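S.K.: Can you keep this structure in mind? I'll have questions shortly.
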Amino acid sequence: MHKSTWLKSLCVVLFLSGLSACGSDKPDSELTGWQKEVGQLRIGATAGEDSPTTLARWTAYQKYLNRITGLEVQVFQAADYNGVIQAMASGQLEMAQMGPAAYANAREQMGEKVTPFLALRSAEGVTGYYSALVVRADSPYRTLEDLRGKSLGYVDFNSTSGYLFPRWAMRKEGHDPDTFFGKTAMSGGHTQGVLALANGQFDAVFMVASGGTPETGFTSGSLNTLARRGAVKISDYRIIWTAGPMPNSPYVIRTDRPQAFQDITRGAMAALAYEDPQLWVDIGLLEGSDMQPMTPADYQTVVDMRRAEIAERRAAPAQKQSNGSTKP
Amino acid sequence: MIRVLGFILILLALMQPATAQTPPAGFRIGMAGLAESGCSATPSDAAAAAYRKHLEGRLGKPVVLCGYEDSKSVATALQDGQLDLAVLDQPSFKQVSKIARPILAPRVDAITGRVLAVALTLKTSGRDTPVKLAGSRPIFISKLAASHQVPLQGLADFGADTKSFKPELFVADEQAGLAALRAGQGDALIITAGARQRLCRGDDPKVVVCGDVVEAWRGRPTALTGLVVRNDLPEADRYQLVGIHLPLHQELPEAMTFLAAKLGSGIALDPTEATAMQKGAR
């Protein structure tokens, strides 16, 4: 696909007054050095999970990074994970936030041209999150086994908590996720998954759960976010199985951009938690959390998991399709 | 007579300590405890040399390491504009607090940084400042440093007489902590800011969870040591230094070990707020 087409498909919503239109790639003639080389900072975000929060977050970052780098900062929000991955791979973005599995996909396509460089860390030092298998509280399902032959909603092929990780964990427990459920489909996002579950489209859905552990319970994630908005009631749902923890979603950056640009961006984003804790909270990040530096090694397990998933799907598609599952 | 005066002046110039020498051009990093005094682009210590070279590569300009007798001398050099980055301890930082700020501080271990914490008290108790917490019985939800020792240190830095505290009460989680506070089993619930948010925002927008409590304190403990820059350093340069040092433990572990020795401790570096080395400052 042509580069500009990716940008157009990505260029959904975000722009502040004073910024040029989405897709503009005209460098500022007054820039010099590394700034001239970069020209502008284009950031990709996925609208899959909780878009109002994502939107607020990136709008704030947009202003902040513009002030520090002197670059025009544009934020592009894609409807699905693949949009950001492809835009990143085709050089249309300098930076993005994506789930670990989406990063694994990008890494496979781009090699060392993309690297994770930051991820969130809670006040207590927790750096991971979980995949939760959720059912309606008024359903009879209490265990994973109860869902054998039932319908399930995944999030997206490139979702870690909504696809890749739970499938890997199920295999580890001796279940083939392609034959275990009677029918599977992609909901398109964590929020969409919860709503589809509420509407009876699925018997269960996978979704992200964070801010705790299976033992302590979770205080963040799709269900909690929607409950706080008044869209659902937590008590209407039940988590019956979890997989994790998996490493927090990375902020990734193209390594072929100037090193000074990468360092300044990393420093500015990481310092925000300390220098402006109120803004940190205003943009939807947990109080007291901060960012830690990440490396490709931190996500190698996810890369390996994705390779295994693809190999598994290629191995015996015909046999599995005959069991009635909707194939990825 | 003129010859004698000239001789004396030369002698005085030669006797000047390293702190008064004008370091060479380029980016100048000062610290106490280097093998050599004065500024050098070729430090004898292998880890120091690796750190210098790493910085030079990332900054794209010459870098020298400047050794000083003590932290106070480093602060003086920073004040005099002879350094661009300085490793300082908290007492020495006081000397430059008007013209400089910390940008990075050591992280004790993987889960323990300078945690942002709060002390919650009942509105009706009147204990609404750190000083008014004297004699309180604190409630904690974990014995982990991030949830216990670090917030206690922060409270002390903000003026609470933590030595006067009654025996600590430990409970299972923040919900149990709030229940204990309401039941009068303790006087102040001391938790991380993350735990406070989880506790007080609840899962139902119609329910106000923490309406009867007040934050008597919110803050981080003072950074005892840090990497300090002058306030007039351009903002982008400051963030570039943060961005270079943040992954130092991953990219060049020996350089992090070297810096940790100069900072007194640390497995990695975390960013800091401008007031991080000033006790009790928000």
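Following the order of the structure tokens, first chain is A, next is B, and so on, with residues numbered from 1 inside each chain and ligands from 1 in the order they appear.
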Only residues of chain B matter here; which ones have an atom within 7 Å of chain A, counting only C-alpha atoms? Give them as a ChimeraX atom specification.

M.R.: /B:58,110-112,115-116,146,192-194,197-198,203-205,235-236,239-240,242-244,246-247,271-273

S.K.: Report the residues of range 38-194 of chain B whose backbone DSSP state falls under helix (DSSP H, G or I), written as an mmCIF file with N, CA, C and O atoms, in the first residue's frame.

M.R.:
data_model
loop_
_atom_site.group_PDB
_atom_site.id
_atom_site.type_symbol
_atom_site.label_atom_id
_atom_site.label_comp_id
_atom_site.auth_asym_id
_atom_site.auth_seq_id
_atom_site.Cartn_x
_atom_site.Cartn_y
_atom_site.Cartn_z
ATOM 1 N N ALA B 46 38.925 2.418 33.987
ATOM 2 C CA ALA B 46 38.319 1.892 32.751
ATOM 3 C C ALA B 46 36.825 2.211 32.655
ATOM 4 O O ALA B 46 36.321 2.571 31.587
ATOM 5 N N ALA B 47 36.116 2.074 33.786
ATOM 6 C CA ALA B 47 34.677 2.346 33.771
ATOM 7 C C ALA B 47 34.401 3.831 33.546
ATOM 8 O O ALA B 47 33.467 4.203 32.823
ATOM 9 N N ALA B 48 35.240 4.672 34.158
ATOM 10 C CA ALA B 48 35.095 6.118 33.956
ATOM 11 C C ALA B 48 35.336 6.465 32.493
ATOM 12 O O ALA B 48 34.609 7.276 31.896
ATOM 13 N N ALA B 49 36.336 5.825 31.914
ATOM 14 C CA ALA B 49 36.655 6.066 30.501
ATOM 15 C C ALA B 49 35.502 5.615 29.600
ATOM 16 O O ALA B 49 35.156 6.295 28.623
ATOM 17 N N ALA B 50 34.914 4.480 29.950
ATOM 18 C CA ALA B 50 33.792 3.961 29.149
ATOM 19 C C ALA B 50 32.591 4.900 29.240
ATOM 20 O O ALA B 50 31.916 5.170 28.230
ATOM 21 N N TYR B 51 32.333 5.399 30.437
ATOM 22 C CA TYR B 51 31.218 6.341 30.637
ATOM 23 C C TYR B 51 31.453 7.618 29.831
ATOM 24 O O TYR B 51 30.567 8.101 29.118
ATOM 25 N N ARG B 52 32.663 8.151 29.925
ATOM 26 C CA ARG B 52 32.992 9.387 29.201
ATOM 27 C C ARG B 52 32.805 9.183 27.694
ATOM 28 O O ARG B 52 32.196 10.007 27.000
ATOM 29 N N LYS B 53 33.320 8.059 27.195
ATOM 30 C CA LYS B 53 33.233 7.781 25.756
ATOM 31 C C LYS B 53 31.770 7.628 25.318
ATOM 32 O O LYS B 53 31.363 8.093 24.255
ATOM 33 N N HIS B 54 30.990 6.965 26.165
ATOM 34 C CA HIS B 54 29.562 6.765 25.877
ATOM 35 C C HIS B 54 28.856 8.121 25.755
ATOM 36 O O HIS B 54 28.105 8.360 24.808
ATOM 37 N N LEU B 55 29.115 8.971 26.721
ATOM 38 C CA LEU B 55 28.500 10.319 26.703
ATOM 39 C C LEU B 55 28.942 11.102 25.466
ATOM 40 O O LEU B 55 28.121 11.774 24.827
ATOM 41 N N GLU B 56 30.211 11.003 25.145
ATOM 42 C CA GLU B 56 30.743 11.744 24.001
ATOM 43 C C GLU B 56 30.058 11.287 22.703
ATOM 44 O O GLU B 56 29.685 12.111 21.869
ATOM 45 N N GLY B 57 29.886 9.984 22.599
ATOM 46 C CA GLY B 57 29.218 9.460 21.404
ATOM 47 C C GLY B 57 27.777 9.924 21.308
ATOM 48 O O GLY B 57 27.292 10.282 20.229
ATOM 49 N N ARG B 58 27.098 9.952 22.431
ATOM 50 C CA ARG B 58 25.667 10.300 22.412
ATOM 51 C C ARG B 58 25.441 11.797 22.296
ATOM 52 O O ARG B 58 24.473 12.235 21.669
ATOM 53 N N LEU B 59 26.325 12.576 22.894
ATOM 54 C CA LEU B 59 26.156 14.032 22.842
ATOM 55 C C LEU B 59 26.742 14.622 21.564
ATOM 56 O O LEU B 59 26.402 15.745 21.176
ATOM 57 N N SER B 71 32.462 16.803 47.418
ATOM 58 C CA SER B 71 31.219 17.209 46.772
ATOM 59 C C SER B 71 31.025 18.725 46.821
ATOM 60 O O SER B 71 30.480 19.326 45.889
ATOM 61 N N LYS B 72 31.497 19.339 47.887
ATOM 62 C CA LYS B 72 31.365 20.793 48.029
ATOM 63 C C LYS B 72 32.155 21.511 46.927
ATOM 64 O O LYS B 72 31.693 22.518 46.370
ATOM 65 N N SER B 73 33.321 20.988 46.627
ATOM 66 C CA SER B 73 34.139 21.585 45.558
ATOM 67 C C SER B 73 33.463 21.418 44.202
ATOM 68 O O SER B 73 33.543 22.281 43.326
ATOM 69 N N VAL B 74 32.783 20.292 44.032
ATOM 70 C CA VAL B 74 32.044 20.067 42.785
ATOM 71 C C VAL B 74 30.938 21.119 42.661
ATOM 72 O O VAL B 74 30.744 21.725 41.599
ATOM 73 N N ALA B 75 30.248 21.355 43.772
ATOM 74 C CA ALA B 75 29.164 22.348 43.759
ATOM 75 C C ALA B 75 29.701 23.735 43.421
ATOM 76 O O ALA B 75 29.083 24.491 42.655
ATOM 77 N N THR B 76 30.845 24.066 43.990
ATOM 78 C CA THR B 76 31.462 25.370 43.711
ATOM 79 C C THR B 76 31.776 25.509 42.224
ATOM 80 O O THR B 76 31.519 26.553 41.606
ATOM 81 N N ALA B 77 32.328 24.447 41.656
ATOM 82 C CA ALA B 77 32.668 24.482 40.225
ATOM 83 C C ALA B 77 31.414 24.639 39.370
ATOM 84 O O ALA B 77 31.410 25.371 38.376
ATOM 85 N N LEU B 78 30.345 23.969 39.777
ATOM 86 C CA LEU B 78 29.081 24.090 39.027
ATOM 87 C C LEU B 78 28.563 25.534 39.132
ATOM 88 O O LEU B 78 28.119 26.125 38.144
ATOM 89 N N GLN B 79 28.661 26.070 40.319
ATOM 90 C CA GLN B 79 28.206 27.438 40.555
ATOM 91 C C GLN B 79 29.007 28.434 39.709
ATOM 92 O O GLN B 79 28.451 29.404 39.194
ATOM 93 N N GLN B 90 23.239 15.719 48.917
ATOM 94 C CA GLN B 90 22.211 16.670 49.302
ATOM 95 C C GLN B 90 22.755 17.894 50.058
ATOM 96 O O GLN B 90 22.371 19.023 49.750
ATOM 97 N N PRO B 91 23.704 17.707 50.995
ATOM 98 C CA PRO B 91 24.246 18.903 51.671
ATOM 99 C C PRO B 91 24.942 19.860 50.701
ATOM 100 O O PRO B 91 24.794 21.077 50.813
ATOM 101 N N SER B 92 25.686 19.321 49.745
ATOM 102 C CA SER B 92 26.389 20.192 48.793
ATOM 103 C C SER B 92 25.418 20.857 47.836
ATOM 104 O O SER B 92 25.672 21.974 47.361
ATOM 105 N N PHE B 93 24.334 20.187 47.560
ATOM 106 C CA PHE B 93 23.361 20.767 46.628
ATOM 107 C C PHE B 93 22.795 22.087 47.163
ATOM 108 O O PHE B 93 22.481 22.992 46.390
ATOM 109 N N LYS B 94 22.685 22.171 48.493
ATOM 110 C CA LYS B 94 22.131 23.401 49.102
ATOM 111 C C LYS B 94 22.863 24.637 48.588
ATOM 112 O O LYS B 94 22.255 25.694 48.388
ATOM 113 N N GLN B 95 24.162 24.470 48.377
ATOM 114 C CA GLN B 95 25.010 25.584 47.936
ATOM 115 C C GLN B 95 24.575 26.111 46.563
ATOM 116 O O GLN B 95 24.756 27.282 46.257
ATOM 117 N N VAL B 96 24.013 25.241 45.737
ATOM 118 C CA VAL B 96 23.687 25.632 44.352
ATOM 119 C C VAL B 96 22.189 25.575 44.065
ATOM 120 O O VAL B 96 21.760 25.658 42.913
ATOM 121 N N LYS B 123 -11.009 13.435 58.132
ATOM 122 C CA LYS B 123 -11.204 14.888 58.157
ATOM 123 C C LYS B 123 -11.459 15.386 59.576
ATOM 124 O O LYS B 123 -11.007 16.459 59.963
ATOM 125 N N THR B 124 -12.175 14.582 60.317
ATOM 126 C CA THR B 124 -12.565 15.002 61.666
ATOM 127 C C THR B 124 -11.409 14.957 62.666
ATOM 128 O O THR B 124 -11.537 15.452 63.781
ATOM 129 N N SER B 125 -10.288 14.346 62.258
ATOM 130 C CA SER B 125 -9.180 14.177 63.210
ATOM 131 C C SER B 125 -8.371 15.455 63.411
ATOM 132 O O SER B 125 -7.669 15.611 64.412
ATOM 133 N N VAL B 131 3.323 17.642 60.257
ATOM 134 C CA VAL B 131 3.677 17.964 61.656
ATOM 135 C C VAL B 131 2.602 17.476 62.620
ATOM 136 O O VAL B 131 2.893 16.967 63.704
ATOM 137 N N LYS B 132 1.332 17.602 62.192
ATOM 138 C CA LYS B 132 0.221 17.201 63.065
ATOM 139 C C LYS B 132 0.066 15.681 63.187
ATOM 140 O O LYS B 132 -0.814 15.205 63.893
ATOM 141 N N LEU B 133 0.924 14.945 62.477
ATOM 142 C CA LEU B 133 0.860 13.487 62.589
ATOM 143 C C LEU B 133 1.662 12.958 63.775
ATOM 144 O O LEU B 133 1.678 11.755 64.026
ATOM 145 N N ALA B 145 9.530 -2.117 50.875
ATOM 146 C CA ALA B 145 10.112 -0.779 51.033
ATOM 147 C C ALA B 145 9.284 0.291 50.328
ATOM 148 O O ALA B 145 9.084 1.387 50.866
ATOM 149 N N ALA B 146 8.795 -0.036 49.127
ATOM 150 C CA ALA B 146 8.060 0.960 48.344
ATOM 151 C C ALA B 146 6.790 1.419 49.059
ATOM 152 O O ALA B 146 6.313 2.537 48.838
ATOM 153 N N SER B 147 6.228 0.567 49.896
ATOM 154 C CA SER B 147 4.976 0.897 50.586
ATOM 155 C C SER B 147 5.169 1.192 52.063
ATOM 156 O O SER B 147 4.209 1.506 52.760
ATOM 157 N N GLN B 149 9.019 1.751 54.132
ATOM 158 C CA GLN B 149 10.157 2.600 54.504
ATOM 159 C C GLN B 149 10.248 3.875 53.666
ATOM 160 O O GLN B 149 10.558 4.944 54.182
ATOM 161 N N VAL B 150 9.984 3.752 52.359
ATOM 162 C CA VAL B 150 10.127 4.932 51.491
ATOM 163 C C VAL B 150 9.112 6.016 51.864
ATOM 164 O O VAL B 150 9.489 7.174 52.050
ATOM 165 N N PRO B 151 7.829 5.684 51.999
ATOM 166 C CA PRO B 151 6.882 6.725 52.441
ATOM 167 C C PRO B 151 7.211 7.278 53.828
ATOM 168 O O PRO B 151 7.060 8.483 54.068
ATOM 169 N N LEU B 152 7.684 6.405 54.732
ATOM 170 C CA LEU B 152 8.051 6.897 56.069
ATOM 171 C C LEU B 152 9.169 7.923 55.974
ATOM 172 O O LEU B 152 9.132 8.964 56.642
ATOM 173 N N GLN B 153 10.158 7.622 55.129
ATOM 174 C CA GLN B 153 11.266 8.566 54.951
ATOM 175 C C GLN B 153 10.750 9.879 54.363
ATOM 176 O O GLN B 153 11.163 10.966 54.774
ATOM 177 N N GLY B 154 9.834 9.753 53.398
ATOM 178 C CA GLY B 154 9.259 10.949 52.786
ATOM 179 C C GLY B 154 8.550 11.805 53.820
ATOM 180 O O GLY B 154 8.716 13.030 53.864
ATOM 181 N N LEU B 155 7.774 11.160 54.670
ATOM 182 C CA LEU B 155 7.059 11.890 55.727
ATOM 183 C C LEU B 155 8.035 12.621 56.638
ATOM 184 O O LEU B 155 7.821 13.788 57.005
ATOM 185 N N ALA B 156 9.101 11.930 57.011
ATOM 186 C CA ALA B 156 10.097 12.543 57.893
ATOM 187 C C ALA B 156 10.735 13.751 57.190
ATOM 188 O O ALA B 156 10.950 14.795 57.823
ATOM 189 N N ASP B 157 11.021 13.608 55.907
ATOM 190 C CA ASP B 157 11.627 14.722 55.157
ATOM 191 C C ASP B 157 10.702 15.930 55.102
ATOM 192 O O ASP B 157 11.155 17.071 54.949
ATOM 193 N N THR B 162 8.387 11.120 62.820
ATOM 194 C CA THR B 162 8.033 9.698 62.685
ATOM 195 C C THR B 162 8.526 8.873 63.874
ATOM 196 O O THR B 162 8.029 7.774 64.114
ATOM 197 N N LYS B 163 9.497 9.415 64.597
ATOM 198 C CA LYS B 163 9.984 8.675 65.777
ATOM 199 C C LYS B 163 8.927 8.651 66.880
ATOM 200 O O LYS B 163 8.971 7.815 67.769
ATOM 201 N N SER B 164 8.014 9.600 66.808
ATOM 202 C CA SER B 164 6.971 9.641 67.834
ATOM 203 C C SER B 164 5.782 8.735 67.488
ATOM 204 O O SER B 164 4.838 8.621 68.259
ATOM 205 N N GLU B 174 -5.417 -1.641 50.682
ATOM 206 C CA GLU B 174 -5.850 -0.267 50.938
ATOM 207 C C GLU B 174 -7.296 -0.197 51.437
ATOM 208 O O GLU B 174 -7.626 0.684 52.259
ATOM 209 N N GLN B 175 -8.133 -1.118 50.979
ATOM 210 C CA GLN B 175 -9.526 -1.112 51.471
ATOM 211 C C GLN B 175 -9.558 -1.430 52.972
ATOM 212 O O GLN B 175 -10.259 -0.774 53.746
ATOM 213 N N ALA B 176 -8.761 -2.437 53.349
ATOM 214 C CA ALA B 176 -8.687 -2.792 54.779
ATOM 215 C C ALA B 176 -8.067 -1.639 55.570
ATOM 216 O O ALA B 176 -8.434 -1.396 56.728
ATOM 217 N N GLY B 177 -7.152 -0.932 54.935
ATOM 218 C CA GLY B 177 -6.513 0.207 55.597
ATOM 219 C C GLY B 177 -7.505 1.311 55.882
ATOM 220 O O GLY B 177 -7.514 1.898 56.978
ATOM 221 N N LEU B 178 -8.356 1.600 54.894
ATOM 222 C CA LEU B 178 -9.363 2.650 55.092
ATOM 223 C C LEU B 178 -10.372 2.233 56.169
ATOM 224 O O LEU B 178 -10.774 3.051 57.014
ATOM 225 N N ALA B 179 -10.708 0.952 56.153
ATOM 226 C CA ALA B 179 -11.635 0.453 57.177
ATOM 227 C C ALA B 179 -11.016 0.581 58.566
ATOM 228 O O ALA B 179 -11.688 0.980 59.532
ATOM 229 N N ALA B 180 -9.725 0.275 58.661
ATOM 230 C CA ALA B 180 -9.032 0.372 59.953
ATOM 231 C C ALA B 180 -8.958 1.824 60.422
ATOM 232 O O ALA B 180 -9.111 2.120 61.613
ATOM 233 N N LEU B 181 -8.728 2.722 59.456
ATOM 234 C CA LEU B 181 -8.675 4.152 59.788
ATOM 235 C C LEU B 181 -10.029 4.614 60.322
ATOM 236 O O LEU B 181 -10.114 5.306 61.347
ATOM 237 N N ARG B 182 -11.077 4.214 59.630
ATOM 238 C CA ARG B 182 -12.434 4.611 60.056
ATOM 239 C C ARG B 182 -12.815 3.996 61.392
ATOM 240 O O ARG B 182 -13.573 4.594 62.169
ATOM 241 N N ALA B 193 0.800 6.628 46.181
ATOM 242 C CA ALA B 193 -0.223 7.413 45.485
ATOM 243 C C ALA B 193 -1.033 6.511 44.552
ATOM 244 O O ALA B 193 -2.228 6.740 44.339
ATOM 245 N N GLY B 194 -0.392 5.483 44.031
ATOM 246 C CA GLY B 194 -1.112 4.536 43.179
ATOM 247 C C GLY B 194 -2.198 3.812 43.952
ATOM 248 O O GLY B 194 -3.323 3.644 43.475
#

S.K.: What's the separation between CA of Ala297 in chain A and CA of Thr115 in chain A, in Å to one decimal place?

M.R.: 9.9 Å

S.K.: Just asking: which residues within range 1-208 of chain A are strand (DSSP E) according to DSSP, as a ChimeraX atom specification?

M.R.: /A:40-46,72-78,95-97,114-121,128-136,151-154,183-186,204-208

S.K.: Of the candidates A:Asn158, A:Arg142, A:Trp241, A:Val38, which one gets nearest to Val84 in chain A if we count only C-alpha atoms?

M.R.: A:Asn158
